[in-house]
Each structure stands twice: as C-alpha cells, then as structure tokens.
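Text of query08.cif (mmCIF, C-alpha atoms and all ligand atoms) as supplied:
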data_upload
#
loop_
_atom_site.label_atom_id
_atom_site.label_comp_id
_atom_site.auth_asym_id
_atom_site.auth_seq_id
_atom_site.Cartn_x
_atom_site.Cartn_y
_atom_site.Cartn_z
CA MET T 1454 176.23 177.58 118.44
CA ASP T 1455 175.67 181.32 118.82
CA THR T 1456 174.53 183.36 115.82
CA ARG T 1457 175.76 186.83 114.97
CA PHE T 1458 174.04 189.00 112.42
CA SER T 1459 174.58 192.28 110.65
CA CYS T 1460 172.43 193.29 107.68
CA THR T 1461 174.56 194.06 104.62
CA GLY T 1462 171.80 196.02 102.92
CA CYS T 1463 171.86 193.71 99.90
CA GLY T 1464 168.08 194.14 99.44
CA LYS T 1465 167.47 190.50 98.51
CA CYS T 1466 164.75 190.05 101.13
CA CYS T 1467 162.86 192.96 99.49
CA SER T 1468 162.34 191.15 96.17
CA ASP T 1469 160.02 188.30 95.27
CA HIS T 1470 158.68 187.95 98.81
CA HIS T 1471 155.08 188.69 99.65
CA VAL T 1472 155.33 190.63 102.94
CA PRO T 1473 152.76 189.60 105.58
CA LEU T 1474 151.10 192.68 107.05
CA THR T 1475 149.04 193.45 110.11
CA LEU T 1476 145.52 194.65 109.39
CA ALA T 1477 146.52 198.28 109.98
CA GLU T 1478 149.59 197.87 107.77
CA ALA T 1479 147.46 196.27 105.04
CA ARG T 1480 145.10 199.23 105.15
CA GLY T 1481 148.04 201.63 104.88
CA TRP T 1482 149.57 199.63 102.01
CA ALA T 1483 146.28 199.68 100.10
CA GLU T 1484 145.73 203.40 100.83
CA ASP T 1485 149.15 203.97 99.31
CA GLY T 1486 148.16 202.16 96.10
CA GLY T 1487 149.96 198.89 96.83
CA GLN T 1488 148.54 195.55 95.69
CA LEU T 1489 147.65 193.03 98.40
CA ILE T 1490 147.40 189.27 98.22
CA VAL T 1491 145.36 187.05 100.55
CA LEU T 1492 146.84 183.69 101.58
CA LEU T 1493 144.60 181.15 103.28
CA GLU T 1494 145.08 177.84 105.00
CA ALA T 1495 142.87 175.82 107.32
CA PHE T 1496 142.91 172.71 109.43
CA LEU T 1497 140.13 170.54 110.77
CA GLU T 1498 139.56 170.27 114.50
CA ASN T 1499 139.64 166.48 114.22
CA GLY T 1500 143.16 166.44 112.82
CA PRO T 1501 143.65 166.81 109.05
CA GLY T 1502 145.98 169.71 108.39
CA LEU T 1503 147.39 169.53 111.91
CA HIS T 1504 148.03 165.99 113.12
CA SER T 1505 149.09 164.99 109.61
CA LEU T 1506 151.95 167.49 109.88
CA ASN T 1507 153.16 165.89 113.12
CA LEU T 1508 153.03 169.25 114.85
CA SER T 1509 153.88 169.28 118.53
CA HIS T 1510 151.22 170.32 121.04
CA ALA T 1511 152.87 173.76 121.31
CA GLN T 1512 152.89 174.16 117.52
CA GLN T 1513 149.21 173.19 117.36
CA GLU T 1514 148.38 175.75 120.05
CA HIS T 1515 150.29 178.43 118.13
CA ALA T 1516 148.34 177.57 114.97
CA ARG T 1517 145.03 177.70 116.85
CA ARG T 1518 145.73 181.03 118.54
CA ARG T 1519 146.28 182.80 115.21
CA SER T 1520 143.26 181.18 113.52
CA LEU T 1521 139.52 181.66 113.52
CA PRO T 1522 137.15 178.83 114.51
CA VAL T 1523 134.86 178.21 111.53
CA LEU T 1524 132.63 175.48 110.16
CA CYS T 1525 133.69 173.60 107.08
CA GLY T 1526 130.57 171.70 106.09
CA SER T 1527 129.69 169.97 109.35
CA ALA T 1528 133.33 169.78 110.45
CA PRO T 1529 134.70 172.29 112.99
CA ALA T 1530 137.81 173.87 111.52
CA TYR T 1531 140.24 176.75 111.94
CA VAL T 1532 141.23 179.14 109.19
CA SER T 1533 144.27 181.41 109.18
CA ILE T 1534 144.30 184.48 106.98
CA THR T 1535 147.32 186.44 105.84
CA PHE T 1536 147.12 189.76 104.06
CA ALA T 1537 150.45 190.42 102.40
CA ALA T 1538 152.06 193.00 100.16
CA TYR T 1539 152.15 191.42 96.70
CA ASN T 1540 155.80 191.55 95.76
CA LEU T 1541 156.61 189.93 92.45
CA GLY T 1542 160.06 191.33 91.73
CA PRO T 1543 161.28 194.25 93.85
CA CYS T 1544 159.01 195.72 96.50
CA ARG T 1545 157.38 198.99 95.40
CA ASN T 1546 159.28 200.73 98.22
CA LEU T 1547 162.73 199.43 97.29
CA ASN T 1548 164.91 202.22 95.92
CA ALA T 1549 167.54 201.80 93.23
CA ASP T 1550 170.27 201.81 95.90
CA ASN T 1551 168.55 198.85 97.63
CA ARG T 1552 167.36 201.04 100.47
CA CYS T 1553 163.81 200.96 101.76
CA GLY T 1554 161.91 204.11 100.80
CA ILE T 1555 159.68 203.82 103.89
CA TYR T 1556 162.38 202.63 106.29
CA ALA T 1557 161.06 204.49 109.34
CA GLU T 1558 157.54 203.16 108.74
CA ARG T 1559 158.37 199.76 107.22
CA PRO T 1560 156.13 196.82 108.18
CA LEU T 1561 156.79 194.76 111.30
CA VAL T 1562 157.84 191.72 109.29
CA CYS T 1563 160.51 193.78 107.51
CA ARG T 1564 161.88 194.83 110.91
CA ILE T 1565 161.91 191.26 112.13
CA TYR T 1566 163.62 189.58 109.14
CA PRO T 1567 165.61 187.31 109.17
CA MET T 1568 164.11 186.07 112.46
CA GLU T 1569 161.13 183.74 112.39
CA ILE T 1570 157.76 184.84 113.77
CA ASN T 1571 156.56 181.29 114.44
CA PRO T 1572 158.09 180.45 117.85
CA HIS T 1573 158.51 176.83 116.82
CA ILE T 1574 160.55 177.43 113.68
CA PRO T 1575 164.26 177.78 114.49
CA LEU T 1576 166.30 180.36 112.62
CA ARG T 1577 168.11 178.66 109.73
CA PRO T 1578 170.65 181.06 108.17
CA ASP T 1579 171.01 178.72 105.17
CA MET T 1580 167.30 179.18 104.42
CA LYS T 1581 167.50 182.97 104.38
CA ASP T 1582 168.36 185.42 101.61
CA CYS T 1583 171.12 187.08 103.60
CA PRO T 1584 174.67 186.56 102.24
CA SER T 1585 177.16 184.61 104.34
CA GLU T 1586 178.99 187.76 105.41
CA ALA T 1587 175.81 188.97 107.15
CA TRP T 1588 176.20 186.04 109.58
CA ALA T 1589 179.90 186.57 110.14
CA THR T 1590 179.87 189.93 111.91
CA GLY T 1591 177.68 192.10 114.09
CA PRO T 1592 176.26 191.66 117.55
CA ALA T 1593 175.03 188.32 118.88
CA LEU T 1594 171.52 187.55 117.71
CA ILE T 1595 171.10 184.15 119.31
CA ALA T 1596 173.18 182.98 122.28
CA GLY T 1597 172.63 179.75 124.14
CA GLY T 1598 169.65 179.03 121.90
CA GLN T 1599 167.90 182.25 122.98
CA LEU T 1600 167.21 185.41 121.03
CA VAL T 1601 169.22 188.07 122.90
CA ASP T 1602 168.04 191.17 121.04
CA ALA T 1603 165.28 192.40 123.39
CA PRO T 1604 163.79 195.06 121.04
CA LEU T 1605 163.61 192.46 118.27
CA ALA T 1606 161.94 189.97 120.63
CA ALA T 1607 159.35 192.66 121.44
CA LEU T 1608 158.64 193.21 117.73
CA ILE T 1609 158.15 189.47 117.21
CA GLU T 1610 155.68 189.33 120.10
CA GLN T 1611 153.90 192.37 118.67
CA SER T 1612 153.55 190.57 115.35
CA ARG T 1613 152.21 187.39 116.99
CA GLN T 1614 149.72 189.42 119.01
CA ALA T 1615 148.55 191.27 115.88
CA ASP T 1616 147.90 187.90 114.23
CA ARG T 1617 145.61 186.98 117.13
CA ASP T 1618 143.96 190.40 117.40
CA ASP T 1619 143.31 190.80 113.66
CA ILE T 1620 141.97 187.39 112.68
CA ALA T 1621 138.23 188.11 113.21
CA ALA T 1622 138.42 191.39 111.28
CA LYS T 1623 140.39 189.75 108.48
CA ALA T 1624 137.64 187.15 108.19
CA GLN T 1625 135.13 189.99 107.94
CA VAL T 1626 137.12 191.51 105.10
CA CYS T 1627 137.23 188.13 103.36
CA ALA T 1628 133.46 187.76 103.76
CA GLN T 1629 133.01 191.20 102.23
CA LEU T 1630 135.15 190.13 99.26
CA GLY T 1631 133.36 186.79 98.83
CA ILE T 1632 136.41 184.80 99.95
CA HIS T 1633 135.53 181.60 101.82
CA THR T 1634 137.86 178.90 100.52
CA ALA T 1635 141.15 177.83 102.13
CA ALA T 1636 143.73 175.16 101.36
CA LEU T 1637 144.55 172.43 103.87
CA LYS T 1638 147.43 173.46 106.15
CA GLY T 1639 150.61 171.79 104.99
CA ASP T 1640 149.15 171.14 101.52
CA GLY T 1641 149.49 174.70 100.27
CA PHE T 1642 147.78 178.08 100.29
CA THR T 1643 144.71 179.30 98.52
CA THR T 1644 145.56 182.79 97.32
CA TYR T 1645 143.41 185.64 96.07
CA LEU T 1646 144.33 188.88 94.39
CA PRO T 1647 141.24 190.97 95.13
CA GLN T 1648 140.42 193.97 93.05
CA PRO T 1649 142.35 196.80 94.84
CA ALA T 1650 139.44 199.25 95.16
CA ALA T 1651 137.16 196.58 96.66
CA PHE T 1652 139.90 195.44 99.04
CA LEU T 1653 140.58 199.00 100.17
CA ALA T 1654 136.86 199.66 100.71
CA ALA T 1655 136.52 196.50 102.83
CA LEU T 1656 139.63 197.41 104.87
CA ARG T 1657 138.24 200.89 105.50
CA GLU T 1658 134.83 199.59 106.54
CA VAL T 1659 135.84 196.63 108.67
CA ASP T 1660 135.92 198.53 111.97
CA ASN T 1661 132.26 199.43 111.48
CA MET T 1662 131.08 196.00 110.31
CA PRO T 1663 128.85 194.03 112.70
CA MET T 1664 129.98 190.52 113.63
CA PRO T 1665 128.21 188.01 111.36
CA ALA T 1666 125.02 186.47 112.72
CA ASP T 1667 126.16 183.12 111.30
CA ASN T 1668 128.93 182.44 113.79
CA PRO T 1669 131.09 180.43 113.29
CA THR T 1670 131.22 181.36 109.64
CA ARG T 1671 131.24 178.71 106.91
CA TRP T 1672 134.30 178.03 104.84
CA ASP T 1673 135.22 175.46 102.19
CA LEU T 1674 138.45 173.55 101.76
CA HIS T 1675 140.15 173.46 98.39
CA ILE T 1676 141.87 170.08 98.02
CA PRO T 1677 143.40 169.45 94.58
CA ASP T 1678 144.09 165.79 95.42
CA GLU T 1679 140.91 163.85 94.53
CA ASP T 1680 141.66 160.95 96.84
CA LEU T 1681 142.31 163.22 99.83
CA ALA T 1682 139.24 165.29 98.95
CA ARG T 1683 137.10 162.15 99.02
CA ARG T 1684 138.49 161.08 102.40
CA LEU T 1685 138.01 164.53 103.91
CA ALA T 1686 134.48 164.80 102.52
CA GLU T 1687 133.67 161.56 104.41
CA THR T 1688 134.48 163.43 107.66
CA GLY T 1689 131.77 165.98 106.80
CA ALA T 1690 134.16 168.63 105.47
CA MET T 1691 132.94 170.77 102.58
CA ILE T 1692 135.36 170.51 99.66
CA ALA T 1693 135.40 173.21 96.99
CA ALA T 1694 135.42 171.61 93.57
CA ILE T 1695 136.93 174.60 91.80
CA LEU T 1696 138.41 177.91 92.82
CA ALA T 1697 136.98 181.33 92.00
CA ASP T 1698 138.40 183.11 88.95
CA ASP T 1699 140.59 185.42 91.06
CA ALA T 1700 142.03 182.58 93.15
CA MET T 1701 145.08 180.34 92.80
CA PHE T 1702 146.52 177.40 94.70
CA ILE T 1703 150.18 177.46 95.79
CA SER T 1704 151.22 173.90 96.49
CA LEU T 1705 153.60 173.08 99.32
CA ARG T 1706 153.88 169.44 98.32
CA ARG T 1707 157.30 168.18 97.49
CA ALA T 1708 157.70 166.90 93.96
CA ALA T 1709 157.62 163.10 93.99
S1 LIG T 1801 158.74 197.77 102.75
FE1 LIG T 1801 160.90 198.29 102.66
S2 LIG T 1801 161.92 196.75 103.96
FE2 LIG T 1801 159.86 195.97 103.47
S3 LIG T 1801 160.09 194.69 101.63
FE3 LIG T 1801 159.58 196.77 100.94
S4 LIG T 1801 161.54 197.79 100.56
FE4 LIG T 1801 161.94 195.98 101.83
S1 LIG T 1802 168.63 189.75 102.75
FE1 LIG T 1802 169.49 189.94 104.83
S2 LIG T 1802 171.39 191.08 104.56
FE2 LIG T 1802 170.19 191.41 102.69
S3 LIG T 1802 169.01 193.29 103.11
FE3 LIG T 1802 167.70 191.55 103.73
S4 LIG T 1802 168.13 191.34 105.96
FE4 LIG T 1802 169.80 192.57 105.07
#
Could you show the structure in this file as structure tokens?
Ligand code: SF4
Ligand code: SF4
Amino acid sequence: MDTRFSCTGCGKCCSDHHVPLTLAEARGWAEDGGQLIVLLEAFLENGPGLHSLNLSHAQQEHARRRSLPVLCGSAPAYVSITFAAYNLGPCRNLNADNRCGIYAERPLVCRIYPMEINPHIPLRPDMKDCPSEAWATGPALIAGGQLVDAPLAALIEQSRQADRDDIAAKAQVCAQLGIHTAALKGDGFTTYLPQPAAFLAALREVDNMPMPADNPTRWDLHIPDEDLARRLAETGAMIAAILADDAMFISLRRAA
C-alpha cells in the first residue's frame, strides 16, 4: 500500500528524542552550548550481537559498514558510535509555537524524519510520533514499496555515508574522553554524558589527532546478564564488570 505524508507541525518528534548527529553537526551542537550524549553498541565478529538477532546478510553488512573494527579482549569485534543531541523534554531549538528555531540548518536526521535511515527497517507509521492526519494527506512518500521523494532519498544516503565517514574520528573522540565500553548489539546501549567542555575540546581537536598506534583499538563489552557475560568471556571477549560513573546502560530487552 502506498504511503502519503504531510507534516502537521505538531512538534512531537522534537521532544524526548535524542537526535543522532553527524560529526560536524555534533561539533556545531556543542559549540552552540548543547549537551551531547554518546550511545554505543558492539557485536563480535564470530556472531554474538549479530547472528543472535537473526539479521539478514544485508543487515549485517549495513551494521559492519557503519562500525569500526576493534578488539574486545582477544575477540575481533565491531563498535558503532552515535553522538546525539541530548533531548530530555523539548529540544533546545523548539520554539513555543512548535517550530524549529534552526529550521534552515536543522540536523540531517530532523530532515529525514519520519523515514528510517537503516535501509532494512521499513517505515511503520504506527511506530512514529506523527498524528494519523499526517499520513492521510500530502504527496506520495512511498509508492510500490519504494521511496519516491528523490531529495529525501539523497538526504538518507548522505546520512548513511556520514555514518561510514565519521566512525574512525568518533572513536578518536571516545578515546580522548576515556570511553571504551559498549553494550552488545540488540541487548541495549551503553550511554555516556561527557562533560560538555571536554567533549567540545575533543570534537575540535579530532581533525588534528593522529590515528592510534594500537590499531585496532581495544574496547570492552558491558553485559549486565551474568550468564551471558560468562559465555561471552569464554569466547575471549573482554567483559566490563562495571560502568564508569558517567555511563548508563539502556536495555533493549523486552520485559519477561
Ligand atoms: S533541531 Fe529543530 S527539528 Fe531537530 S529536534 Fe530540534 S527543534 Fe526539532
Ligand atoms: S511528529 Fe511528524 S507530524 Fe509532528 S512535527 Fe514531527 S514529522 Fe511533523
């Protein structure tokens, strides 16, 4: 079935959503005084975090392309790093009339919503914040299963490419901030709220940082499930017993 869409300007997508940013956007957000959050997930080359999610080959390739090869203990792994605007409540740029105060310069992800950036996640209107009337009018968004808005498709590709282009530099920023622990993909995210001045300094310096001599870099997995942690440790993976003071774990597990 074809999907039409027309934004109603309700502003719901601008509240209580951390907004993933490209590296350049993150630098701009921090320069502007905005708080950033770091979200981290990783999977092991030999399967955990990837095969356990029953991802298709194409989905696995997508996950690999946007991740950095690292070593977790003796286990080859991939870590993906998201820098996002920390939006608890309304975004700092959301005006009282629900309009974006930086509309012309808003982040890529804000331009792309409600479309998905992951090419393997279909658009599900029922999973989005947009009211039902937003899906009842407007031009065709998806026809015959294909996205028909060419400028929007170009923005999505730009976002995917930025993920690939930025990953090494993001890892450098994390190293600078002492961040080297990620959750297992599918289990949740390890999140950090770095001190803003330190984050901004690392973002400013990253273009001048040399690539680390220790390459691939070493990361730890944070696994809150003791049984799973034991099984992963048997594969040679390094499991972090506790998280740093400025870190949290956001679980993606369904309640039993
Ligand atoms: S930057 Fe603008 S469009 Fe993006 S979440 Fe904030 S208010 Fe909304
Ligand atoms: S939630 Fe949907 S309809 Fe509302 S402002 Fe965001 S994109 Fe527009």
**Q.** Contacts to ligand LIG 1801 (chain T) at 7 Å cut-off (only C-alpha atoms and all ligand atoms) as a PyMOL selection string
**A.** chain T and resi 1464+1466-1468+1472+1544-1547+1552-1556+1559-1560+1563
Build an axis-aligned box that encloses every atom of region 1699-1704 of chain T listed in the file, pad it by 3 Å on each side, and report its centre and edge lengths in Å to one decimal, as lines of an AutoDock Vina configuration file.
center_x = 145.9
center_y = 179.7
center_z = 93.8
size_x = 16.6
size_y = 17.5
size_z = 11.4
Which chain T residues have any atom within 12 Å of an atom of ligand LIG 1802 (chain T), and for each, what is the nearest pair of atoms with distance in Å to one decimal, counting all atoms listed in the file, rows sorted by chain and number, as JSON lines?
{"residue": "T:Phe1458", "atom": "CA", "partner": "T:LIG1802", "partner_atom": "S2", "distance": 8.6}
{"residue": "T:Ser1459", "atom": "CA", "partner": "T:LIG1802", "partner_atom": "S2", "distance": 7.0}
{"residue": "T:Cys1460", "atom": "CA", "partner": "T:LIG1802", "partner_atom": "FE4", "distance": 3.8}
{"residue": "T:Thr1461", "atom": "CA", "partner": "T:LIG1802", "partner_atom": "S2", "distance": 4.4}
{"residue": "T:Gly1462", "atom": "CA", "partner": "T:LIG1802", "partner_atom": "S3", "distance": 3.9}
{"residue": "T:Cys1463", "atom": "CA", "partner": "T:LIG1802", "partner_atom": "FE2", "distance": 4.0}
{"residue": "T:Gly1464", "atom": "CA", "partner": "T:LIG1802", "partner_atom": "S3", "distance": 3.9}
{"residue": "T:Lys1465", "atom": "CA", "partner": "T:LIG1802", "partner_atom": "S1", "distance": 4.5}
{"residue": "T:Cys1466", "atom": "CA", "partner": "T:LIG1802", "partner_atom": "FE3", "distance": 4.2}
{"residue": "T:Cys1467", "atom": "CA", "partner": "T:LIG1802", "partner_atom": "FE3", "distance": 6.6}
{"residue": "T:Ser1468", "atom": "CA", "partner": "T:LIG1802", "partner_atom": "S1", "distance": 9.2}
{"residue": "T:Asp1469", "atom": "CA", "partner": "T:LIG1802", "partner_atom": "S1", "distance": 11.5}
{"residue": "T:His1470", "atom": "CA", "partner": "T:LIG1802", "partner_atom": "S1", "distance": 10.9}
{"residue": "T:Leu1547", "atom": "CA", "partner": "T:LIG1802", "partner_atom": "S3", "distance": 10.5}
{"residue": "T:Asp1550", "atom": "CA", "partner": "T:LIG1802", "partner_atom": "S3", "distance": 11.2}
{"residue": "T:Asn1551", "atom": "CA", "partner": "T:LIG1802", "partner_atom": "S3", "distance": 7.8}
{"residue": "T:Arg1552", "atom": "CA", "partner": "T:LIG1802", "partner_atom": "S3", "distance": 8.4}
{"residue": "T:Cys1553", "atom": "CA", "partner": "T:LIG1802", "partner_atom": "S3", "distance": 9.4}
{"residue": "T:Tyr1556", "atom": "CA", "partner": "T:LIG1802", "partner_atom": "S3", "distance": 11.9}
{"residue": "T:Val1562", "atom": "CA", "partner": "T:LIG1802", "partner_atom": "S4", "distance": 10.8}
{"residue": "T:Cys1563", "atom": "CA", "partner": "T:LIG1802", "partner_atom": "S4", "distance": 8.1}
{"residue": "T:Arg1564", "atom": "CA", "partner": "T:LIG1802", "partner_atom": "S4", "distance": 8.7}
{"residue": "T:Ile1565", "atom": "CA", "partner": "T:LIG1802", "partner_atom": "S4", "distance": 8.8}
{"residue": "T:Tyr1566", "atom": "CA", "partner": "T:LIG1802", "partner_atom": "S4", "distance": 5.8}
{"residue": "T:Pro1567", "atom": "CA", "partner": "T:LIG1802", "partner_atom": "S4", "distance": 5.7}
{"residue": "T:Met1568", "atom": "CA", "partner": "T:LIG1802", "partner_atom": "S4", "distance": 9.3}
{"residue": "T:Pro1578", "atom": "CA", "partner": "T:LIG1802", "partner_atom": "FE1", "distance": 9.6}
{"residue": "T:Asp1579", "atom": "CA", "partner": "T:LIG1802", "partner_atom": "FE1", "distance": 11.3}
{"residue": "T:Met1580", "atom": "CA", "partner": "T:LIG1802", "partner_atom": "S1", "distance": 10.8}
{"residue": "T:Lys1581", "atom": "CA", "partner": "T:LIG1802", "partner_atom": "S1", "distance": 7.1}
{"residue": "T:Asp1582", "atom": "CA", "partner": "T:LIG1802", "partner_atom": "S1", "distance": 4.5}
{"residue": "T:Cys1583", "atom": "CA", "partner": "T:LIG1802", "partner_atom": "FE1", "distance": 3.5}
{"residue": "T:Pro1584", "atom": "CA", "partner": "T:LIG1802", "partner_atom": "S2", "distance": 6.0}
{"residue": "T:Ser1585", "atom": "CA", "partner": "T:LIG1802", "partner_atom": "S2", "distance": 8.7}
{"residue": "T:Glu1586", "atom": "CA", "partner": "T:LIG1802", "partner_atom": "S2", "distance": 8.3}
{"residue": "T:Ala1587", "atom": "CA", "partner": "T:LIG1802", "partner_atom": "S2", "distance": 5.5}
{"residue": "T:Trp1588", "atom": "CA", "partner": "T:LIG1802", "partner_atom": "S2", "distance": 8.6}
{"residue": "T:Ala1589", "atom": "CA", "partner": "T:LIG1802", "partner_atom": "S2", "distance": 11.1}
{"residue": "T:Thr1590", "atom": "CA", "partner": "T:LIG1802", "partner_atom": "S2", "distance": 11.3}
{"residue": "T:Gly1591", "atom": "CA", "partner": "T:LIG1802", "partner_atom": "S2", "distance": 11.5}
Within 9 Å of region 1494-1518 of chain T, which residues of region 1596-1696 of chain T show up? Give each one with its shortest atom-to-atom distance in Å (one decimal) and the two atoms involved, counting all atoms listed in the file, rows by chain then rising residue number, as a Markdown table.
| residue | atom | partner | partner_atom | distance |
| --- | --- | --- | --- | --- |
| T:Asp1616 | CA | T:Arg1518 | CA | 8.4 |
| T:Arg1617 | CA | T:Arg1518 | CA | 6.1 |
| T:Thr1634 | CA | T:Glu1494 | CA | 8.6 |
| T:Ala1635 | CA | T:Glu1494 | CA | 4.9 |
| T:Ala1636 | CA | T:Glu1494 | CA | 4.7 |
| T:Leu1637 | CA | T:Ala1495 | CA | 5.1 |
| T:Lys1638 | CA | T:Gly1502 | CA | 4.6 |
| T:Gly1639 | CA | T:Gly1502 | CA | 6.1 |
| T:Asp1640 | CA | T:Gly1502 | CA | 7.7 |
| T:Gly1641 | CA | T:Glu1494 | CA | 7.2 |
| T:Phe1642 | CA | T:Glu1494 | CA | 5.4 |
| T:Thr1643 | CA | T:Glu1494 | CA | 6.7 |
| T:Leu1674 | CA | T:Ala1495 | CA | 7.5 |
| T:Leu1685 | CA | T:Pro1501 | CA | 8.0 |
| T:Thr1688 | CA | T:Asn1499 | CA | 8.9 |
| T:Ala1690 | CA | T:Leu1497 | CA | 8.2 |
Q: Give me the residues within 10 Å of Arg1657 (chain T) as a PyMOL selection string, counting all atoms listed in the file and dropping any in the same chain fewer than 4 places off.
A: chain T and resi 1477+1480-1481+1483-1484+1626+1651-1653+1661-1662
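CA of Leu1608 (chain T) sits 22.6 Å away from CA of Val1491 (chain T).
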**Q.** Distance in Å - CA of Thr1670 (chain T) versus CA of Val1523 (chain T)
**A.** 5.2 Å
Q: With a distance cut-off of 9 Å and all atoms listed in the file, select the neighbouring residues of Ala1593 (chain T), excluding the residue or stretch itself and same-chain residues fewer than 6 positions from it, and output the selection as JSON, numbers by chain.
A: {"T": [1455, 1456, 1457, 1458, 1600, 1601, 1602]}
Skip Met1454 (chain T) itself and residues of its chain fewer than 2 positions away, then list as a PDB file with C-alpha atoms, in the coordinates of the input all residues within 9 Å of it, counting all atoms listed in the file.
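Here's the written file part.pdb:
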ATOM      1  CA  THR T1456     174.530 183.360 115.820  1.00  0.00           C
ATOM      2  CA  ILE T1595     171.100 184.150 119.310  1.00  0.00           C
ATOM      3  CA  ALA T1596     173.180 182.980 122.280  1.00  0.00           C
ATOM      4  CA  GLY T1597     172.630 179.750 124.140  1.00  0.00           C
ATOM      5  CA  GLY T1598     169.650 179.030 121.900  1.00  0.00           C
TER       6      GLY T1598
END
**Q.** Computed interatomic separation between CA of Ser1704 (chain T) and CA of Leu1474 (chain T) (Å)
**A.**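 Answer for the CA of Ser1704 (chain T) to CA of Leu1474 (chain T) separation: 21.5 Å.
Contact shell of Leu1630 (chain T) at 12 Å (all atoms listed in the file; same-chain neighbours under 3 positions omitted): T:Val1491, T:Lys1623, T:Ala1624, T:Gln1625, T:Val1626, T:Cys1627, T:His1633, T:Thr1634, T:Tyr1645, T:Leu1646, T:Pro1647, T:Gln1648, T:Pro1649, T:Ala1650, T:Ala1651, T:Phe1652, T:Leu1653, T:Ala1654, T:Ala1655, T:Leu1656, T:Glu1658, T:Val1659, T:Ala1697, T:Asp1699, T:Ala1700.
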Q: Tell me, as a ChimeraX atom specification, which residues lie within 8 Å of Thr1475 (chain T), counting all atoms listed in the file; anything in the same chain fewer than 5 positions away does not count.
A: /T:1536,1561,1612,1615-1616,1619
